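Visitor: So here's my_file27.cif, just mmCIF, C-alpha atoms:
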```
data_query
#
loop_
_atom_site.group_PDB
_atom_site.id
_atom_site.type_symbol
_atom_site.label_atom_id
_atom_site.label_comp_id
_atom_site.auth_asym_id
_atom_site.auth_seq_id
_atom_site.Cartn_x
_atom_site.Cartn_y
_atom_site.Cartn_z
ATOM 1 C CA MET A 29 -95.751 100.978 20.620
ATOM 2 C CA GLY A 30 -93.669 103.740 22.187
ATOM 3 C CA VAL A 31 -92.115 106.911 20.865
ATOM 4 C CA ARG A 32 -88.794 108.619 21.425
ATOM 5 C CA LEU A 33 -89.148 111.945 23.195
ATOM 6 C CA THR A 34 -86.385 114.468 23.767
ATOM 7 C CA VAL A 35 -86.997 117.365 26.151
ATOM 8 C CA ARG A 36 -84.610 120.299 26.255
ATOM 9 C CA VAL A 37 -84.745 122.786 29.122
ATOM 10 C CA GLN A 38 -83.361 126.280 28.685
ATOM 11 C CA PHE A 39 -83.288 129.701 30.335
ATOM 12 C CA PRO A 40 -84.925 132.630 28.486
ATOM 13 C CA ASP A 41 -81.544 133.549 26.935
ATOM 14 C CA GLY A 42 -81.393 130.070 25.327
ATOM 15 C CA SER A 43 -78.670 128.661 27.588
ATOM 16 C CA PRO A 44 -79.168 125.011 28.619
ATOM 17 C CA VAL A 45 -80.234 124.082 32.151
ATOM 18 C CA SER A 46 -78.176 121.209 33.545
ATOM 19 C CA GLY A 47 -79.804 119.326 36.423
ATOM 20 C CA ALA A 48 -83.352 120.586 35.821
ATOM 21 C CA GLN A 49 -86.008 118.313 37.284
ATOM 22 C CA ILE A 50 -88.565 117.223 34.683
ATOM 23 C CA ARG A 51 -91.933 115.638 35.381
ATOM 24 C CA GLY A 52 -93.969 114.208 32.532
ATOM 25 C CA VAL A 53 -97.627 113.388 33.113
ATOM 26 C CA ASN A 54 -99.669 111.199 30.751
ATOM 27 C CA HIS A 55 -103.233 112.509 31.109
ATOM 28 C CA ASP A 56 -104.697 109.523 29.237
ATOM 29 C CA ALA A 57 -102.815 106.748 31.049
ATOM 30 C CA TRP A 58 -104.900 103.703 31.871
ATOM 31 C CA SER A 59 -102.790 102.959 34.924
ATOM 32 C CA ALA A 60 -101.148 105.153 37.552
ATOM 33 C CA LYS A 61 -97.976 103.147 36.899
ATOM 34 C CA HIS A 62 -97.815 104.662 33.397
ATOM 35 C CA ARG A 63 -98.824 108.192 34.387
ATOM 36 C CA ASP A 64 -95.688 109.902 35.784
ATOM 37 C CA TRP A 65 -92.276 110.178 34.118
ATOM 38 C CA PRO A 66 -89.556 111.824 36.283
ATOM 39 C CA ALA A 67 -86.168 112.779 34.858
ATOM 40 C CA THR A 68 -83.196 115.119 35.253
ATOM 41 C CA THR A 69 -81.477 116.984 32.425
ATOM 42 C CA ASP A 70 -77.848 116.284 31.535
ATOM 43 C CA LEU A 71 -75.092 118.892 30.998
ATOM 44 C CA SER A 72 -76.631 119.902 27.660
ATOM 45 C CA GLY A 73 -80.001 120.590 29.325
ATOM 46 C CA THR A 74 -81.498 117.524 27.642
ATOM 47 C CA HIS A 75 -83.244 114.309 28.620
ATOM 48 C CA THR A 76 -84.438 111.623 26.188
ATOM 49 C CA TRP A 77 -86.962 108.896 26.886
ATOM 50 C CA ASP A 78 -86.463 106.035 24.410
ATOM 51 C CA SER A 79 -89.985 104.681 24.912
ATOM 52 C CA ILE A 80 -92.096 107.186 26.782
ATOM 53 C CA ASP A 81 -95.322 105.199 26.585
ATOM 54 C CA LYS A 82 -95.981 101.543 26.093
ATOM 55 C CA GLY A 83 -99.665 102.278 25.626
ATOM 56 C CA THR A 84 -101.558 104.028 22.874
ATOM 57 C CA LEU A 85 -99.949 106.716 20.743
ATOM 58 C CA GLY A 86 -101.844 109.982 20.728
ATOM 59 C CA ASP A 87 -101.906 110.342 24.527
ATOM 60 C CA ARG A 88 -101.839 113.858 25.985
ATOM 61 C CA TYR A 89 -98.805 114.802 28.077
ATOM 62 C CA THR A 90 -97.691 117.762 30.139
ATOM 63 C CA PHE A 91 -93.986 118.180 30.829
ATOM 64 C CA SER A 92 -92.938 120.567 33.566
ATOM 65 C CA ALA A 93 -89.433 121.541 34.623
ATOM 66 C CA THR A 94 -87.980 123.244 37.679
ATOM 67 C CA ALA A 95 -84.466 124.486 38.311
ATOM 68 C CA THR A 96 -82.514 126.701 40.664
ATOM 69 C CA ASP A 97 -79.854 129.013 39.258
ATOM 70 C CA LEU A 98 -76.465 129.795 40.817
ATOM 71 C CA ARG A 99 -77.962 132.697 42.802
ATOM 72 C CA GLY A 100 -80.575 130.378 44.308
ATOM 73 C CA ASP A 101 -83.488 131.751 42.272
ATOM 74 C CA LYS A 102 -86.178 129.252 41.286
ATOM 75 C CA TRP A 103 -87.263 128.821 37.649
ATOM 76 C CA VAL A 104 -90.218 126.880 36.211
ATOM 77 C CA GLY A 105 -91.653 125.994 32.810
ATOM 78 C CA GLU A 106 -94.189 123.743 31.159
ATOM 79 C CA VAL A 107 -95.229 122.447 27.755
ATOM 80 C CA ALA A 108 -98.179 120.271 26.690
ATOM 81 C CA VAL A 109 -98.326 117.958 23.682
ATOM 82 C CA ARG A 110 -100.214 115.017 22.214
ATOM 83 C CA LEU A 111 -97.554 112.454 21.294
ATOM 84 C CA SER A 112 -98.077 110.595 18.025
ATOM 85 C CA LYS A 113 -94.505 110.388 16.723
ATOM 86 C CA ASP A 114 -90.921 110.913 17.827
ATOM 87 C CA THR A 115 -90.826 114.431 19.229
ATOM 88 C CA ASP A 116 -88.352 117.088 20.390
ATOM 89 C CA LEU A 117 -89.723 119.597 22.899
ATOM 90 C CA VAL A 118 -88.214 122.726 24.424
ATOM 91 C CA ILE A 119 -89.226 124.016 27.840
ATOM 92 C CA THR A 120 -88.157 127.638 28.324
ATOM 93 C CA LEU A 121 -88.041 128.455 32.004
ATOM 94 C CA HIS A 122 -89.333 131.625 33.636
ATOM 95 C CA ARG A 123 -89.476 132.885 37.193
ATOM 96 C CA PRO A 124 -92.686 131.904 38.968
ATOM 97 C CA ASP A 125 -95.216 134.680 39.480
#
```
Represent the structure of the file as structure tokens.
Guide:
Amino acid sequence: MGVRLTVRVQFPDGSPVSGAQIRGVNHDAWSAKHRDWPATTDLSGTHTWDSIDKGTLGDRYTFSATATDLRGDKWVGEVAVRLSKDTDLVITLHRPD
């Protein structure tokens, strides 16, 4: 049984990041086919997976996001979660060290 997952990507000031590249990784996936989940945010800085995992609920995920602003500066962010129900996550980007 899957879950619905919504990931929002934002800059530190809270503004949405359109076109951010998201990569979700299921650390407990039984198959490489079910391990990676690529996506791109829409104009509102959001992407929703309607059924992120067809396997077991309770799997551990890491979602990372990258974006480039209008000046060409790169931004990154990450969040980790164990999914057991429909979830909304926010990734706040920062400049890489």
Visitor: With only C-alpha atoms as the basis for distance, which of A:Thr74, A:Thr94, A:Gln38, A:Ser59 is at the shortest distance from Ile119 in chain A?
Guide: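 Counting only C-alpha atoms, the residue closest to Ile119 in chain A is A:Gln38.
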Visitor: Considering only C-alpha atoms, can you say which of A:Gly100, A:Pro124, A:Gly30, A:Gly105 comes closest to Ile50 in chain A?
Guide: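 Closest candidate: A:Gly105.
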Visitor: Name the residues that the PyMOL selection byres ((chain A and resi 112) around 10) picks from the file above, as a list in words, using the file's chain letters and numbers.
Guide: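 For this structure, the PyMOL selection byres ((chain A and resi 112) around 10) captures Gly30, Val31, Thr84, Leu85, Gly86, Asp87, Arg88, Val109, Arg110, Leu111, Lys113, Asp114 and Thr115 of chain A.
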Visitor: Which residues, named as in the file, does the PyMOL selection byres ((chain A and resi 77) around 9) pick out? Answer as a PyMOL selection string.
Guide: chain A and resi 31-35+67+75-76+78-80
Visitor: Which residue is closest to Thr90 in chain A? Choose from A:Asp64, A:Phe39, A:Gly52, A:Thr69 and count only C-alpha atoms.
Guide: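 Comparing A:Asp64, A:Phe39, A:Gly52, A:Thr69 against Thr90 in chain A, the winner is A:Gly52.
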Visitor: Between A:Val104, A:Leu71, A:Ala93, A:Leu98, which residue has the minimum interatomic distance to Leu117 in chain A, considering all atoms listed in the file?
Guide: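 The shortest atom-to-atom distance to Leu117 in chain A comes from A:Ala93.
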Visitor: One number please: CA of Trp103 in chain A to CA of Lys61 in chain A, in Å, one decimal.
Guide: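 Between CA of Trp103 in chain A and CA of Lys61 in chain A the gap works out to 27.8 Å.
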Visitor: How many Å lie between CA of Pro44 in chain A and CA of Pro66 in chain A, rounded to one decimal?
Guide: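 So the answer is 18.5 Å.
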Visitor: Which is closest to His55 in chain A among A:Tyr89, A:Thr96, A:Asp125, A:Thr68, if we use only C-alpha atoms?
Guide: A:Tyr89
Visitor: Place N, CA and C atoms on range 82-111 of chain A and deliver the coordinates as a PDB file, keeping the file's coordinate frame.
Guide:
```pdb
ATOM      1  N   LYS A  82     -95.754 102.861  26.677  1.00  0.00           N
ATOM      2  CA  LYS A  82     -95.981 101.543  26.093  1.00  0.00           C
ATOM      3  C   LYS A  82     -97.443 101.346  25.731  1.00  0.00           C
ATOM      4  N   GLY A  83     -98.238 102.356  25.932  1.00  0.00           N
ATOM      5  CA  GLY A  83     -99.665 102.278  25.626  1.00  0.00           C
ATOM      6  C   GLY A  83     -99.982 102.835  24.243  1.00  0.00           C
ATOM      7  N   THR A  84    -101.062 103.526  24.146  1.00  0.00           N
ATOM      8  CA  THR A  84    -101.558 104.028  22.874  1.00  0.00           C
ATOM      9  C   THR A  84    -100.895 105.339  22.489  1.00  0.00           C
ATOM     10  N   LEU A  85    -100.459 105.436  21.238  1.00  0.00           N
ATOM     11  CA  LEU A  85     -99.949 106.716  20.743  1.00  0.00           C
ATOM     12  C   LEU A  85    -101.118 107.697  20.667  1.00  0.00           C
ATOM     13  N   GLY A  86    -100.813 108.963  20.752  1.00  0.00           N
ATOM     14  CA  GLY A  86    -101.844 109.982  20.728  1.00  0.00           C
ATOM     15  C   GLY A  86    -102.243 110.447  22.117  1.00  0.00           C
ATOM     16  N   ASP A  87    -101.597 109.916  23.164  1.00  0.00           N
ATOM     17  CA  ASP A  87    -101.906 110.342  24.527  1.00  0.00           C
ATOM     18  C   ASP A  87    -101.455 111.786  24.739  1.00  0.00           C
ATOM     19  N   ARG A  88    -102.157 112.472  25.634  1.00  0.00           N
ATOM     20  CA  ARG A  88    -101.839 113.858  25.985  1.00  0.00           C
ATOM     21  C   ARG A  88    -100.874 113.882  27.160  1.00  0.00           C
ATOM     22  N   TYR A  89     -99.826 114.675  27.043  1.00  0.00           N
ATOM     23  CA  TYR A  89     -98.805 114.802  28.077  1.00  0.00           C
ATOM     24  C   TYR A  89     -98.608 116.269  28.447  1.00  0.00           C
ATOM     25  N   THR A  90     -98.218 116.479  29.691  1.00  0.00           N
ATOM     26  CA  THR A  90     -97.691 117.762  30.139  1.00  0.00           C
ATOM     27  C   THR A  90     -96.315 117.491  30.715  1.00  0.00           C
ATOM     28  N   PHE A  91     -95.340 118.282  30.304  1.00  0.00           N
ATOM     29  CA  PHE A  91     -93.986 118.180  30.829  1.00  0.00           C
ATOM     30  C   PHE A  91     -93.661 119.488  31.529  1.00  0.00           C
ATOM     31  N   SER A  92     -93.314 119.380  32.810  1.00  0.00           N
ATOM     32  CA  SER A  92     -92.938 120.567  33.566  1.00  0.00           C
ATOM     33  C   SER A  92     -91.486 120.414  34.009  1.00  0.00           C
ATOM     34  N   ALA A  93     -90.834 121.546  34.193  1.00  0.00           N
ATOM     35  CA  ALA A  93     -89.433 121.541  34.623  1.00  0.00           C
ATOM     36  C   ALA A  93     -89.238 122.599  35.694  1.00  0.00           C
ATOM     37  N   THR A  94     -88.368 122.286  36.646  1.00  0.00           N
ATOM     38  CA  THR A  94     -87.980 123.244  37.679  1.00  0.00           C
ATOM     39  C   THR A  94     -86.465 123.232  37.797  1.00  0.00           C
ATOM     40  N   ALA A  95     -85.918 124.375  38.132  1.00  0.00           N
ATOM     41  CA  ALA A  95     -84.466 124.486  38.311  1.00  0.00           C
ATOM     42  C   ALA A  95     -84.176 125.650  39.247  1.00  0.00           C
ATOM     43  N   THR A  96     -83.000 125.617  39.824  1.00  0.00           N
ATOM     44  CA  THR A  96     -82.514 126.701  40.664  1.00  0.00           C
ATOM     45  C   THR A  96     -81.199 127.184  40.067  1.00  0.00           C
ATOM     46  N   ASP A  97     -81.084 128.491  39.851  1.00  0.00           N
ATOM     47  CA  ASP A  97     -79.854 129.013  39.258  1.00  0.00           C
ATOM     48  C   ASP A  97     -78.771 129.191  40.319  1.00  0.00           C
ATOM     49  N   LEU A  98     -77.609 129.665  39.905  1.00  0.00           N
ATOM     50  CA  LEU A  98     -76.465 129.795  40.817  1.00  0.00           C
ATOM     51  C   LEU A  98     -76.707 130.790  41.950  1.00  0.00           C
ATOM     52  N   ARG A  99     -77.633 131.730  41.750  1.00  0.00           N
ATOM     53  CA  ARG A  99     -77.962 132.697  42.802  1.00  0.00           C
ATOM     54  C   ARG A  99     -79.002 132.154  43.777  1.00  0.00           C
ATOM     55  N   GLY A 100     -79.553 130.966  43.454  1.00  0.00           N
ATOM     56  CA  GLY A 100     -80.575 130.378  44.308  1.00  0.00           C
ATOM     57  C   GLY A 100     -81.988 130.727  43.912  1.00  0.00           C
ATOM     58  N   ASP A 101     -82.152 131.404  42.760  1.00  0.00           N
ATOM     59  CA  ASP A 101     -83.488 131.751  42.272  1.00  0.00           C
ATOM     60  C   ASP A 101     -84.137 130.538  41.616  1.00  0.00           C
ATOM     61  N   LYS A 102     -85.438 130.369  41.856  1.00  0.00           N
ATOM     62  CA  LYS A 102     -86.178 129.252  41.286  1.00  0.00           C
ATOM     63  C   LYS A 102     -86.746 129.632  39.915  1.00  0.00           C
ATOM     64  N   TRP A 103     -86.738 128.657  39.002  1.00  0.00           N
ATOM     65  CA  TRP A 103     -87.263 128.821  37.649  1.00  0.00           C
ATOM     66  C   TRP A 103     -88.201 127.654  37.351  1.00  0.00           C
ATOM     67  N   VAL A 104     -89.247 127.919  36.565  1.00  0.00           N
ATOM     68  CA  VAL A 104     -90.218 126.880  36.211  1.00  0.00           C
ATOM     69  C   VAL A 104     -90.606 127.027  34.743  1.00  0.00           C
ATOM     70  N   GLY A 105     -91.143 125.956  34.181  1.00  0.00           N
ATOM     71  CA  GLY A 105     -91.653 125.994  32.810  1.00  0.00           C
ATOM     72  C   GLY A 105     -92.486 124.766  32.536  1.00  0.00           C
ATOM     73  N   GLU A 106     -93.298 124.849  31.481  1.00  0.00           N
ATOM     74  CA  GLU A 106     -94.189 123.743  31.159  1.00  0.00           C
ATOM     75  C   GLU A 106     -94.520 123.759  29.670  1.00  0.00           C
ATOM     76  N   VAL A 107     -94.778 122.572  29.139  1.00  0.00           N
ATOM     77  CA  VAL A 107     -95.229 122.447  27.755  1.00  0.00           C
ATOM     78  C   VAL A 107     -96.187 121.256  27.697  1.00  0.00           C
ATOM     79  N   ALA A 108     -97.210 121.356  26.857  1.00  0.00           N
ATOM     80  CA  ALA A 108     -98.179 120.271  26.690  1.00  0.00           C
ATOM     81  C   ALA A 108     -98.157 119.818  25.234  1.00  0.00           C
ATOM     82  N   VAL A 109     -98.388 118.512  25.036  1.00  0.00           N
ATOM     83  CA  VAL A 109     -98.326 117.958  23.682  1.00  0.00           C
ATOM     84  C   VAL A 109     -99.127 116.663  23.632  1.00  0.00           C
ATOM     85  N   ARG A 110     -99.626 116.328  22.458  1.00  0.00           N
ATOM     86  CA  ARG A 110    -100.214 115.017  22.214  1.00  0.00           C
ATOM     87  C   ARG A 110     -99.192 114.249  21.382  1.00  0.00           C
ATOM     88  N   LEU A 111     -98.633 113.180  21.957  1.00  0.00           N
ATOM     89  CA  LEU A 111     -97.554 112.454  21.294  1.00  0.00           C
ATOM     90  C   LEU A 111     -98.097 111.426  20.301  1.00  0.00           C
TER      91      LEU A 111
END
```
